[in-house]
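S.K.: I'm passing along final-v6.cif; it holds mmCIF, C-alpha atoms and all ligand atoms.
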```cif
data_work
loop_
_atom_site.label_atom_id
_atom_site.label_comp_id
_atom_site.auth_asym_id
_atom_site.auth_seq_id
_atom_site.Cartn_x
_atom_site.Cartn_y
_atom_site.Cartn_z
CA MET Q 46 -19.03 -5.93 20.72
CA ILE Q 47 -17.47 -3.31 18.44
CA ARG Q 48 -13.74 -3.84 18.00
CA TYR Q 49 -10.90 -2.78 15.73
CA TYR Q 50 -10.17 -5.56 13.26
CA TYR Q 51 -6.38 -5.46 13.51
CA GLU Q 52 -6.30 -5.49 17.30
CA LEU Q 53 -7.62 -9.05 17.48
CA THR Q 54 -5.26 -11.95 17.86
CA ARG Q 55 -5.65 -14.88 15.49
CA LYS Q 56 -7.24 -16.86 18.31
CA GLU Q 57 -9.76 -14.11 18.99
CA MET Q 58 -10.49 -13.87 15.29
CA GLU Q 59 -11.13 -17.59 15.10
CA ALA Q 60 -13.86 -17.15 17.71
CA VAL Q 61 -15.65 -14.37 15.81
CA ASP Q 62 -19.11 -15.17 14.43
CA LYS Q 63 -18.16 -14.36 10.82
CA LYS Q 64 -21.64 -14.82 9.43
CA ASN Q 65 -23.24 -12.17 11.59
CA THR Q 66 -20.40 -9.75 12.28
CA VAL Q 67 -20.40 -6.57 10.22
CA VAL Q 68 -17.01 -5.48 8.90
CA LEU Q 69 -16.84 -1.70 8.59
CA PHE Q 70 -14.46 -0.53 5.87
CA PRO Q 71 -13.98 3.26 5.86
CA LEU Q 72 -12.68 4.65 2.58
CA GLY Q 73 -10.73 7.88 2.70
CA ALA Q 74 -8.61 9.92 0.31
CA ILE Q 75 -5.48 12.05 0.24
CA GLU Q 76 -6.20 15.01 -1.98
CA GLN Q 77 -6.17 18.78 -1.92
CA HIS Q 78 -8.81 20.45 0.23
CA GLY Q 79 -8.00 24.09 -0.52
CA SER Q 80 -5.33 26.27 1.04
CA GLN Q 81 -6.57 25.82 4.58
CA ALA Q 82 -7.39 22.13 5.17
CA PRO Q 83 -5.00 19.15 5.16
CA LEU Q 84 -4.59 16.79 2.22
CA GLY Q 85 -5.73 13.95 4.45
CA THR Q 86 -9.07 15.60 5.33
CA ASP Q 87 -11.16 12.64 4.12
CA THR Q 88 -8.94 10.03 5.76
CA ILE Q 89 -8.81 12.00 9.02
CA ILE Q 90 -12.63 12.07 8.97
CA ALA Q 91 -12.79 8.36 8.05
CA GLU Q 92 -10.55 7.46 10.97
CA ALA Q 93 -12.51 9.57 13.47
CA MET Q 94 -15.90 8.37 12.27
CA ARG Q 95 -15.11 4.93 13.62
CA GLY Q 96 -15.12 6.35 17.16
CA TYR Q 97 -18.32 8.34 16.63
CA ILE Q 98 -20.08 5.33 15.10
CA LYS Q 99 -18.94 3.09 17.95
CA GLU Q 100 -20.32 5.49 20.56
CA GLU Q 101 -23.67 6.02 18.83
CA LEU Q 102 -24.21 2.38 17.95
CA GLU Q 103 -23.34 1.11 21.42
CA LYS Q 104 -25.97 3.43 22.91
CA VAL Q 105 -28.62 1.60 20.88
CA ASP Q 106 -27.17 -1.93 20.86
CA PRO Q 107 -24.31 -2.59 23.31
CA ASP Q 108 -23.91 -6.10 21.84
CA TYR Q 109 -23.57 -5.03 18.21
CA GLU Q 110 -21.05 -7.32 16.52
CA MET Q 111 -18.77 -5.18 14.37
CA LEU Q 112 -15.12 -5.19 13.38
CA MET Q 113 -13.71 -1.90 12.13
CA LEU Q 114 -10.93 -1.93 9.58
CA PRO Q 115 -8.49 0.97 9.44
CA PRO Q 116 -9.45 3.44 6.72
CA MET Q 117 -8.05 2.95 3.24
CA PRO Q 118 -6.02 6.18 3.16
CA VAL Q 119 -5.85 6.73 -0.62
CA GLY Q 120 -8.76 6.48 -3.04
CA PHE Q 121 -9.86 7.47 -6.53
CA SER Q 122 -9.03 11.18 -6.67
CA VAL Q 123 -7.97 11.88 -10.26
CA GLU Q 124 -10.07 15.04 -10.23
CA HIS Q 125 -7.64 16.61 -7.77
CA LEU Q 126 -4.29 15.59 -9.27
CA ASP Q 127 -3.73 19.08 -10.74
CA PHE Q 128 -3.07 20.26 -7.21
CA CYS Q 129 0.15 19.59 -5.36
CA GLY Q 130 0.15 16.63 -2.99
CA SER Q 131 -2.98 14.86 -4.21
CA LEU Q 132 -2.64 11.08 -4.51
CA SER Q 133 -4.85 8.73 -6.49
CA PHE Q 134 -5.17 5.16 -7.59
CA LYS Q 135 -6.41 4.59 -11.12
CA ALA Q 136 -9.98 3.30 -11.00
CA ASP Q 137 -8.99 -0.25 -11.93
CA THR Q 138 -6.14 -0.36 -9.38
CA TYR Q 139 -8.45 0.85 -6.63
CA TYR Q 140 -11.14 -1.63 -7.66
CA HIS Q 141 -8.76 -4.61 -7.56
CA LEU Q 142 -7.17 -3.53 -4.29
CA LEU Q 143 -10.54 -3.38 -2.56
CA TYR Q 144 -11.64 -6.56 -4.30
CA ASP Q 145 -8.67 -8.50 -2.90
CA ILE Q 146 -9.27 -7.29 0.65
CA CYS Q 147 -12.96 -8.20 0.44
CA SER Q 148 -12.27 -11.60 -1.05
CA SER Q 149 -9.87 -12.29 1.85
CA LEU Q 150 -12.67 -11.38 4.25
CA ALA Q 151 -15.09 -13.61 2.35
CA TYR Q 152 -12.56 -16.45 2.40
CA HIS Q 153 -12.57 -16.31 6.21
CA GLY Q 154 -16.35 -16.45 6.20
CA PHE Q 155 -17.39 -12.82 6.60
CA LYS Q 156 -20.65 -12.05 4.81
CA LYS Q 157 -21.47 -8.44 5.66
CA ILE Q 158 -19.11 -5.65 4.64
CA ALA Q 159 -20.16 -2.03 5.09
CA PHE Q 160 -18.16 0.45 3.02
CA LEU Q 161 -18.16 3.93 4.54
CA LEU Q 162 -17.53 6.40 1.75
CA CYS Q 163 -15.64 9.39 3.15
CA HIS Q 164 -14.74 10.72 -0.30
CA GLY Q 165 -17.53 11.05 -2.87
CA GLY Q 166 -15.14 10.35 -5.75
CA ASN Q 167 -14.72 6.76 -4.53
CA LYS Q 168 -18.42 6.05 -5.02
CA PRO Q 169 -18.55 5.05 -8.71
CA VAL Q 170 -15.76 2.50 -8.23
CA VAL Q 171 -17.24 1.15 -5.00
CA ASP Q 172 -20.75 0.87 -6.48
CA SER Q 173 -19.43 -1.31 -9.32
CA LEU Q 174 -17.25 -3.29 -6.95
CA ALA Q 175 -20.07 -3.96 -4.50
CA ARG Q 176 -22.31 -5.35 -7.23
CA GLN Q 177 -19.53 -7.60 -8.54
CA LEU Q 178 -18.66 -8.82 -5.03
CA ARG Q 179 -22.26 -9.79 -4.44
CA ARG Q 180 -22.32 -11.69 -7.70
CA ASP Q 181 -18.91 -13.37 -7.41
CA LEU Q 182 -18.62 -14.11 -3.70
CA ASN Q 183 -22.23 -14.20 -2.54
CA ILE Q 184 -21.49 -11.68 0.19
CA TYR Q 185 -23.46 -8.60 1.24
CA PRO Q 186 -21.54 -5.39 0.60
CA PHE Q 187 -23.41 -2.31 1.84
CA VAL Q 188 -22.43 1.13 0.54
CA LEU Q 189 -22.90 3.98 3.02
CA ASN Q 190 -22.18 7.62 2.30
CA ASN Q 191 -20.57 9.47 5.15
CA GLY Q 192 -21.56 13.08 5.89
CA ALA Q 193 -25.20 13.89 6.65
CA PHE Q 194 -24.94 17.01 4.53
CA SER Q 195 -28.65 17.36 3.91
CA HIS Q 196 -29.63 16.93 7.57
CA PRO Q 197 -31.19 20.15 8.95
CA ASP Q 198 -28.81 20.24 11.95
CA VAL Q 199 -25.84 20.03 9.57
CA LYS Q 200 -27.28 22.58 7.15
CA ALA Q 201 -27.78 24.93 10.09
CA THR Q 202 -24.01 25.00 10.66
CA ILE Q 203 -23.37 26.68 7.30
CA THR Q 204 -22.69 30.41 7.35
CA PRO Q 205 -25.55 32.30 5.63
CA GLY Q 206 -24.60 32.99 2.01
CA ASN Q 207 -22.38 29.89 1.81
CA GLU Q 208 -25.15 27.43 0.92
CA ARG Q 209 -23.16 26.04 -2.01
CA ASP Q 210 -20.63 24.63 0.46
CA PHE Q 211 -19.27 21.45 -1.12
CA HIS Q 212 -15.76 20.09 -1.50
CA GLY Q 213 -13.02 21.34 0.82
CA ALA Q 214 -14.95 24.23 2.30
CA GLU Q 215 -16.77 25.08 5.53
CA MET Q 216 -18.24 21.70 6.48
CA GLU Q 217 -15.19 19.56 5.76
CA THR Q 218 -12.83 22.08 7.34
CA SER Q 219 -15.06 22.22 10.43
CA MET Q 220 -14.90 18.45 10.81
CA VAL Q 221 -11.12 18.43 10.70
CA MET Q 222 -11.03 21.30 13.22
CA ALA Q 223 -13.02 19.08 15.60
CA ILE Q 224 -10.56 16.19 15.15
CA LYS Q 225 -7.08 17.58 14.41
CA PRO Q 226 -7.30 21.38 14.88
CA ASP Q 227 -3.55 21.93 14.40
CA THR Q 228 -3.71 20.76 10.79
CA VAL Q 229 -6.13 23.52 9.69
CA LYS Q 230 -4.72 26.93 8.68
CA LEU Q 231 -7.92 28.94 8.50
CA GLU Q 232 -5.96 32.16 7.97
CA TYR Q 233 -5.12 30.95 4.44
CA SER Q 234 -8.70 30.20 3.48
CA GLU Q 235 -10.08 31.42 0.16
CA ALA Q 236 -13.57 30.91 -1.24
CA GLY Q 237 -14.14 28.77 -4.33
CA TYR Q 238 -16.80 29.46 -6.95
CA LEU Q 239 -18.43 27.53 -9.78
CA GLY Q 240 -16.25 28.87 -12.60
CA GLU Q 241 -17.43 27.70 -16.03
CA TYR Q 242 -20.54 26.04 -14.55
CA ASP Q 243 -21.85 29.37 -13.35
CA GLY Q 244 -24.99 30.38 -15.21
CA LYS Q 245 -25.32 27.07 -17.07
CA LYS Q 246 -28.97 26.03 -17.11
CA ALA Q 247 -28.83 22.45 -18.37
CA VAL Q 248 -25.38 20.94 -17.87
CA LYS Q 249 -24.29 20.95 -14.23
CA PHE Q 250 -21.25 19.61 -12.39
CA SER Q 251 -23.37 16.72 -11.06
CA GLY Q 252 -26.82 15.32 -11.66
CA SER Q 253 -28.66 13.97 -14.68
CA LYS Q 254 -26.97 16.20 -17.27
CA SER Q 255 -23.41 16.80 -16.27
CA ILE Q 256 -19.73 16.78 -17.09
CA PRO Q 257 -17.45 15.25 -14.43
CA TRP Q 258 -15.85 18.12 -12.58
CA MET Q 259 -12.15 18.63 -12.03
CA GLY Q 260 -10.82 20.45 -9.00
CA ARG Q 261 -9.38 23.13 -11.27
CA ASP Q 262 -12.92 24.02 -12.43
CA PHE Q 263 -13.57 25.68 -9.07
CA VAL Q 264 -12.00 29.13 -8.97
CA THR Q 265 -11.55 32.15 -6.71
CA ALA Q 266 -13.43 35.40 -7.38
CA GLU Q 267 -10.40 36.42 -9.50
CA GLY Q 268 -10.62 33.27 -11.61
CA LYS Q 269 -7.64 31.44 -10.08
CA PRO Q 270 -8.19 27.65 -9.76
CA ILE Q 271 -8.65 26.88 -6.06
CA GLY Q 272 -10.15 23.40 -6.18
CA ILE Q 273 -12.83 23.92 -3.57
CA LEU Q 274 -16.45 24.98 -3.77
CA GLY Q 275 -17.68 27.17 -0.93
CA ASP Q 276 -16.14 29.41 1.68
CA PRO Q 277 -14.24 27.79 4.55
CA ALA Q 278 -13.84 31.08 6.49
CA GLY Q 279 -16.71 30.34 8.90
CA ALA Q 280 -15.48 26.86 9.84
CA SER Q 281 -15.19 25.92 13.53
CA ALA Q 282 -14.57 22.89 15.69
CA GLU Q 283 -18.02 23.26 17.27
CA LYS Q 284 -19.66 23.02 13.85
CA GLY Q 285 -17.48 20.04 13.00
CA GLU Q 286 -18.54 18.22 16.14
CA ILE Q 287 -22.22 18.70 15.18
CA ILE Q 288 -21.58 17.38 11.66
CA LEU Q 289 -19.62 14.32 12.82
CA ARG Q 290 -22.05 13.45 15.61
CA THR Q 291 -25.14 13.96 13.43
CA THR Q 292 -23.59 11.85 10.69
CA ALA Q 293 -22.93 8.99 13.10
CA LYS Q 294 -26.50 9.20 14.44
CA THR Q 295 -27.98 9.10 10.94
CA LEU Q 296 -25.94 5.98 10.15
CA VAL Q 297 -27.30 4.04 13.14
CA PRO Q 298 -30.64 2.98 11.53
CA ALA Q 299 -28.70 1.64 8.53
CA PHE Q 300 -26.37 -0.36 10.76
CA LEU Q 301 -29.33 -1.85 12.62
CA GLU Q 302 -30.89 -2.97 9.36
CA ILE Q 303 -27.54 -4.39 8.22
CA ARG Q 304 -27.36 -6.32 11.51
CA ASP Q 305 -30.78 -7.84 10.82
CA TRP Q 306 -30.31 -8.33 7.07
CA LYS Q 307 -31.27 -11.86 6.16
CA ILE Q 308 -28.38 -13.70 4.52
CA GLU Q 309 -28.09 -17.07 2.89
ZN ZN Q 401 -13.10 15.71 1.23
#
```
Could you write out this file's structure as structure tokens?
M.R.:
Amino acid sequence: MIRYYYELTRKEMEAVDKKNTVVLFPLGAIEQHGSQAPLGTDTIIAEAMRGYIKEELEKVDPDYEMLMLPPMPVGFSVEHLDFCGSLSFKADTYYHLLYDICSSLAYHGFKKIAFLLCHGGNKPVVDSLARQLRRDLNIYPFVLNNGAFSHPDVKATITPGNERDFHGAEMETSMVMAIKPDTVKLEYSEAGYLGEYDGKKAVKFSGSKSIPWMGRDFVTAEGKPIGILGDPAGASAEKGEIILRTTAKTLVPAFLEIRDWKIE
């Protein structure tokens, strides 16, 4: 059964098979997503993904034992603090906050925690945390990236010419349009470009030779910092539905392996 963690009574929680139940912990963010998409884009997606995952997983295994935590609304978003409204924990604050929640879960006997990363910037902190949790608490923390951005069905949603679509642009805006359409103001959308990275052959904004990017590095055609990379103009709710649904489907095989993961 897939249930929402905080809806259980203490008595119901006592009856949960802690050893074999997977705790899903979606990790969002509140940070700028351009002029057109809400600050809570990642958290809105994190919240909605729980429903999509539930539907897709129950089709394959109606008895899947999972408890879904509410998404952590704020994450590690220092790269966006130059823009109004962005919120961030410092890396060490975020690490310890997540650590304490996971050690509470471990104290009650839970062994399998699946982090769902709905903001890429959270990943370095969560990777370190997951390794330490395994070492310290002998639990099994799985790290899953949300957003099947390389899946052909998702790639096919991108408007031709906008293949660089990355942070805060067409794909993310589309997903929010599928979930909370009133929060998107597509009429304000502006395209973001690579700025200083443009034309660089060796040092990129990610990869093996890189400098960590800041939102202000991404600029409009006129050179104004816009904080997004890509053009949100072609976003739509239909595209968002494809991205969310495809993402949930691509997560299913991982959840099945997590279910069967041998633990001590
Ligand atoms: Zn985002």
S.K.: May I ask which of the residues Q:Glu215, Q:Asp145, Q:Asp137, Q:Glu52 is the closest one to ligand ZN 401 (chain Q), counting only C-alpha atoms and all ligand atoms?
M.R.: Q:Glu215
S.K.: List every protein, DNA or RNA residue with an atom no more than 7 Å from (-9.5, 23.4, 3.6) in the file's coordinates, counting only C-alpha atoms, and format the result as number ranges by chain.
M.R.: Q: 78-83, 213-214, 218, 229, 234, 277
S.K.: Would you mind listing the residues within 12 Å of ligand ZN 401 (chain Q), counting only C-alpha atoms and all ligand atoms, as a PyMOL selection string?
M.R.: chain Q and resi 72-79+82-91+119-122+124-125+131+162-167+191-192+210-221+260+272-274
S.K.: Can you work out the spacing between CA of Asn65 (chain Q) and CA of Tyr152 (chain Q) in Å, to one decimal?
M.R.: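 Separation between CA of Asn65 (chain Q) and CA of Tyr152 (chain Q): 14.7 Å.
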S.K.: Which polymer residues have any atom within 10 Å of an atom of region 94-99 of chain Q, counting only C-alpha atoms, with same-chain residues fewer than 2 positions away left out, as an NGL selection string?
M.R.: :Q and (46-49 or 69-71 or 88-92 or 101-104 or 107 or 109 or 111 or 113-116 or 161 or 163 or 191-192 or 224 or 286 or 289-297 or 300)
S.K.: Which residues are close to Ala151 (chain Q), i.e. within 9 Å by only C-alpha atoms, leaving aside same-chain residues fewer than 6 positions away? Reply as a list in words.
M.R.: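 After dropping sequence-adjacent residues, the list is Lys157, Leu182, Asn183 and Ile184 of chain Q.
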S.K.: Quick one: of Q:Ile271, Q:Val170, Q:Leu239, Q:Pro298, who's nearest to Ser251 (chain Q), counting only C-alpha atoms?
M.R.: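 The answer is Q:Leu239, which sits nearest to Ser251 (chain Q).
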S.K.: Please compute the CA of Asn190 (chain Q)-CA of Cys147 (chain Q) distance, one decimal, in Å.
M.R.: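 Separating CA of Asn190 (chain Q) from CA of Cys147 (chain Q) is a distance of 18.4 Å.
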